[in-house]
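Chemist: Contents of protein11.cif (mmCIF, C-alpha atoms and all ligand atoms):
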```cif
data_run
loop_
_atom_site.label_atom_id
_atom_site.label_comp_id
_atom_site.auth_asym_id
_atom_site.auth_seq_id
_atom_site.Cartn_x
_atom_site.Cartn_y
_atom_site.Cartn_z
CA MET A 1 -6.32 -15.29 8.33
CA GLU A 2 -5.59 -14.25 11.89
CA VAL A 3 -3.87 -10.92 12.30
CA SER A 4 -2.40 -9.02 15.20
CA ALA A 5 -0.40 -5.80 15.56
CA ARG A 6 2.72 -7.93 15.06
CA HIS A 7 1.66 -8.47 11.45
CA ILE A 8 2.12 -4.76 10.66
CA GLU A 9 5.22 -3.65 8.76
CA PRO A 10 7.13 -0.55 9.83
CA LEU A 11 4.81 2.29 8.83
CA GLN A 12 5.54 4.19 5.65
CA LEU A 13 4.72 7.85 5.18
CA VAL A 14 4.00 9.05 1.65
CA ARG A 15 4.09 12.74 0.81
CA TYR A 16 3.19 14.28 -2.54
CA ALA A 17 3.88 17.80 -3.63
CA ALA A 18 1.57 19.27 -6.29
CA THR A 19 1.64 17.24 -9.56
CA GLU A 20 3.59 14.33 -7.99
CA ARG A 21 1.93 10.98 -8.46
CA PHE A 22 2.37 7.29 -7.77
CA GLY A 23 1.47 5.41 -10.94
CA PRO A 24 -0.60 2.22 -11.10
CA HIS A 25 0.91 -0.61 -9.04
CA HIS A 26 0.12 -3.45 -6.69
CA ASP A 27 1.17 -3.46 -3.05
CA TYR A 28 1.59 -7.24 -2.94
CA HIS A 29 4.98 -8.84 -3.50
CA GLU A 30 5.33 -10.70 -6.78
CA TYR A 31 6.62 -14.25 -7.07
CA ASN A 32 10.01 -14.70 -8.75
CA ALA A 33 10.76 -17.55 -11.13
CA ASP A 34 12.17 -19.46 -8.12
CA GLY A 35 8.83 -19.19 -6.32
CA LYS A 36 10.02 -16.63 -3.75
CA LEU A 37 8.26 -13.35 -3.06
CA GLY A 38 10.71 -10.95 -4.68
CA SER A 39 10.63 -7.78 -2.60
CA SER A 40 9.47 -9.48 0.60
CA VAL A 41 11.81 -9.14 3.61
CA GLN A 42 10.94 -12.29 5.52
CA GLY A 43 8.72 -14.17 3.11
CA GLU A 44 5.73 -12.13 4.24
CA GLN A 45 2.99 -11.02 1.89
CA ARG A 46 1.18 -7.70 2.23
CA ALA A 47 -2.29 -9.11 2.65
CA PHE A 48 -4.05 -5.83 3.42
CA THR A 49 -3.33 -2.15 2.95
CA VAL A 50 -4.70 0.40 5.37
CA LEU A 51 -4.02 3.82 3.85
CA VAL A 52 -4.56 6.56 6.41
CA PHE A 53 -4.95 10.02 4.91
CA GLY A 54 -3.11 12.87 6.56
CA ALA A 55 -4.61 15.68 4.50
CA THR A 56 -7.95 16.70 3.04
CA LEU A 57 -8.13 17.57 -0.66
CA GLY A 58 -11.26 19.24 -1.95
CA PRO A 59 -13.31 18.35 -5.05
CA ASP A 60 -10.95 19.86 -7.63
CA ALA A 61 -7.73 19.33 -5.70
CA GLY A 62 -6.87 15.89 -7.12
CA GLY A 63 -4.86 13.40 -5.08
CA GLU A 64 -7.43 10.61 -5.20
CA THR A 65 -6.53 6.98 -4.69
CA HIS A 66 -7.85 5.34 -7.83
CA PHE A 67 -8.56 1.66 -8.53
CA PRO A 68 -8.73 1.31 -12.35
CA HIS A 69 -10.20 -2.21 -12.40
CA LEU A 70 -12.86 -1.31 -9.87
CA HIS A 71 -13.66 2.15 -11.27
CA VAL A 72 -13.39 3.49 -7.74
CA SER A 73 -11.72 6.75 -6.71
CA VAL A 74 -11.41 7.94 -3.14
CA ALA A 75 -10.58 11.56 -2.30
CA PRO A 76 -8.22 12.03 0.66
CA ARG A 77 -9.79 13.29 3.86
CA LEU A 78 -7.73 13.85 6.99
CA GLY A 79 -8.13 10.95 9.39
CA ASP A 80 -9.99 8.67 6.98
CA ALA A 81 -8.56 5.25 6.29
CA LEU A 82 -8.99 3.27 3.10
CA VAL A 83 -8.67 -0.48 3.56
CA TRP A 84 -8.37 -3.11 0.87
CA ALA A 85 -7.15 -6.66 0.37
CA ASN A 86 -4.21 -7.24 -1.94
CA VAL A 87 -4.68 -10.99 -2.02
CA GLY A 88 -7.63 -13.34 -2.33
CA ALA A 89 -8.98 -15.59 0.42
CA ASP A 90 -6.43 -18.21 -0.70
CA GLY A 91 -3.58 -15.73 -0.18
CA ALA A 92 -2.82 -15.40 -3.92
CA PRO A 93 -2.08 -11.91 -5.26
CA ASN A 94 -5.20 -10.26 -6.66
CA PRO A 95 -4.38 -8.18 -9.77
CA ARG A 96 -7.66 -6.30 -9.34
CA SER A 97 -6.09 -4.51 -6.36
CA LEU A 98 -4.18 -2.34 -8.85
CA HIS A 99 -4.27 1.27 -7.64
CA GLU A 100 -2.59 4.63 -8.08
CA GLY A 101 -2.12 7.86 -6.19
CA ARG A 102 -3.30 10.64 -8.46
CA PRO A 103 -1.40 13.92 -8.45
CA PRO A 104 -2.59 16.73 -6.23
CA ALA A 105 -3.52 19.80 -8.29
CA ALA A 106 -1.34 22.90 -8.19
CA GLY A 107 -1.26 24.47 -4.75
CA ASN A 108 -2.08 21.23 -2.93
CA GLY A 109 -0.07 18.57 -1.16
CA LYS A 110 -1.02 15.17 0.13
CA LEU A 111 0.10 13.04 3.04
CA ALA A 112 -0.79 9.45 3.81
CA ILE A 113 0.50 6.57 5.90
CA ASN A 114 0.71 3.05 4.55
CA VAL A 115 -0.12 0.44 7.14
CA TRP A 116 0.64 -2.90 5.54
CA VAL A 117 -0.83 -5.87 7.32
CA CYS A 118 1.09 -9.00 6.44
CA ASP A 119 0.10 -12.63 6.40
CA ARG A 120 2.60 -13.43 9.17
CA GLU A 121 4.37 -11.73 12.01
CA PHE A 122 6.77 -9.08 10.84
CA THR A 123 9.86 -8.54 12.98
CA THR A 124 12.30 -5.70 12.47
CA SER A 125 15.37 -7.73 13.35
CA GLU A 126 16.49 -7.50 9.72
CA THR A 127 18.82 -4.66 8.77
CA LEU A 128 17.22 -1.27 8.22
CA GLU A 129 18.17 -1.21 4.55
CA ARG A 130 16.09 -4.31 3.91
CA VAL A 131 13.11 -3.11 5.90
CA VAL A 132 12.85 0.43 4.56
CA ARG A 133 11.76 0.10 0.96
CA THR A 134 8.92 0.99 -1.34
O1 LIG A 201 -1.24 7.90 -2.37
C1 LIG A 201 -2.09 7.07 -2.65
O2 LIG A 201 -3.26 7.36 -2.82
C2 LIG A 201 -1.68 5.64 -2.80
C3 LIG A 201 -0.31 5.36 -2.21
C4 LIG A 201 0.11 3.97 -2.51
O3 LIG A 201 -0.55 3.26 -3.21
C5 LIG A 201 1.34 3.42 -1.94
O4 LIG A 201 2.10 4.17 -1.30
O5 LIG A 201 1.58 2.21 -2.11
FE FE A 202 0.08 1.25 -3.14
#
```
Starting from the file, give its structure as structure tokens.

Modeler:
Amino acid sequence: MEVSARHIEPLQLVRYAATERFGPHHDYHEYNADGKLGSSVQGEQRAFTVLVFGATLGPDAGGETHFPHLHVSVAPRLGDALVWANVGADGAPNPRSLHEGRPPAAGNGKLAINVWVCDREFTTSETLERVVRT
């Protein structure tokens, strides 16, 4: 798959206060019964996620990005980026990309930026309501 900066969705900032979490989910868009990618704006698929951490959380501060199927947990560190594929080489959603944002422990917050790299050019000509979503 060829990618360029034009394949990047509008960036999404995620901010967690202490104890807030983002439960297990996939970043890819699911296919509806009619064969369309349900939450996709322009038929694009989120092929890759680049999660850029905007805060450092120490060893007991929680806030890890956890991949249950892979038994991998990554602690946030300011400026680090975690990159993974949400789809296989054939472009099909890969359920093993399941991940969650664990809650920061009391007294900690977490910031990150989602950079979703899609399988096609993403234009922002659509209305804002359709582009800004989770
Ligand atoms: O906060 C995290 O570690 C993960 C965030 C995430 O998965 C998302 O925003 O889609
Ligand atoms: Fe995610």

Chemist: Can you measure atom O2 of ligand LIG 201 (chain A) to CA of Ala5 (chain A) for me? One decimal in Å is fine.

Modeler: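 Here the two named atoms are 22.8 Å from each other.
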
Chemist: Show me, as an MDAnalysis selection string, the residues that have an atom within 6 Å of region 57-74 of chain A when counting all atoms listed in the file, minus same-chain residues fewer than 6 positions from it.

Modeler: chainID A and resid 96 98:105

Chemist: Kindly compile the residues surrounding ligand LIG 201 (chain A) within 8 Å, counting all atoms listed in the file, and format them as JSON, numbers by chain.

Modeler: {"A": [12, 13, 14, 15, 16, 21, 22, 24, 25, 26, 27, 51, 63, 64, 65, 66, 76, 99, 100, 101, 102, 110, 111, 112, 113, 114, 134]}

Chemist: Using C-alpha atoms, can you export the residues from the last selection as a PDB file, in the frame of the given file?

Modeler:
```pdb
ATOM      1  CA  GLN A  12       5.540   4.190   5.650  1.00  0.00           C
ATOM      2  CA  LEU A  13       4.720   7.850   5.180  1.00  0.00           C
ATOM      3  CA  VAL A  14       4.000   9.050   1.650  1.00  0.00           C
ATOM      4  CA  ARG A  15       4.090  12.740   0.810  1.00  0.00           C
ATOM      5  CA  TYR A  16       3.190  14.280  -2.540  1.00  0.00           C
ATOM      6  CA  ARG A  21       1.930  10.980  -8.460  1.00  0.00           C
ATOM      7  CA  PHE A  22       2.370   7.290  -7.770  1.00  0.00           C
ATOM      8  CA  PRO A  24      -0.600   2.220 -11.100  1.00  0.00           C
ATOM      9  CA  HIS A  25       0.910  -0.610  -9.040  1.00  0.00           C
ATOM     10  CA  HIS A  26       0.120  -3.450  -6.690  1.00  0.00           C
ATOM     11  CA  ASP A  27       1.170  -3.460  -3.050  1.00  0.00           C
ATOM     12  CA  LEU A  51      -4.020   3.820   3.850  1.00  0.00           C
ATOM     13  CA  GLY A  63      -4.860  13.400  -5.080  1.00  0.00           C
ATOM     14  CA  GLU A  64      -7.430  10.610  -5.200  1.00  0.00           C
ATOM     15  CA  THR A  65      -6.530   6.980  -4.690  1.00  0.00           C
ATOM     16  CA  HIS A  66      -7.850   5.340  -7.830  1.00  0.00           C
ATOM     17  CA  PRO A  76      -8.220  12.030   0.660  1.00  0.00           C
ATOM     18  CA  HIS A  99      -4.270   1.270  -7.640  1.00  0.00           C
ATOM     19  CA  GLU A 100      -2.590   4.630  -8.080  1.00  0.00           C
ATOM     20  CA  GLY A 101      -2.120   7.860  -6.190  1.00  0.00           C
ATOM     21  CA  ARG A 102      -3.300  10.640  -8.460  1.00  0.00           C
ATOM     22  CA  LYS A 110      -1.020  15.170   0.130  1.00  0.00           C
ATOM     23  CA  LEU A 111       0.100  13.040   3.040  1.00  0.00           C
ATOM     24  CA  ALA A 112      -0.790   9.450   3.810  1.00  0.00           C
ATOM     25  CA  ILE A 113       0.500   6.570   5.900  1.00  0.00           C
ATOM     26  CA  ASN A 114       0.710   3.050   4.550  1.00  0.00           C
ATOM     27  CA  THR A 134       8.920   0.990  -1.340  1.00  0.00           C
TER      28      THR A 134
END
```

Chemist: Taking 5 positions as the minimum chain separation for residues in the same chain, which residues sit within 7 Å of Cys118 (chain A) when counting only C-alpha atoms? Answer as a PyMOL selection string.

Modeler: chain A and resi 7-8+44-48

Chemist: For CA of Val50 (chain A) and atom FE of ligand FE 202 (chain A), determine how far apart the two atoms are, in Å to one decimal place.

Modeler: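 One can read the CA of Val50 (chain A) to atom FE of ligand FE 202 (chain A) distance as 9.8 Å.
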
Chemist: Grab the CA of Val87 (chain A) to CA of Arg120 (chain A) distance for me, in Å with one decimal place.

Modeler: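 Going from CA of Val87 (chain A) over to CA of Arg120 (chain A), I get 13.6 Å.
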
Chemist: Would you kindly return, as a PyMOL selection string, each protein, DNA or RNA residue with an atom no farther than 8 Å from any atom of Arg6 (chain A), considering only C-alpha atoms and excluding same-chain residues fewer than 6 positions away?

Modeler: chain A and resi 121-123
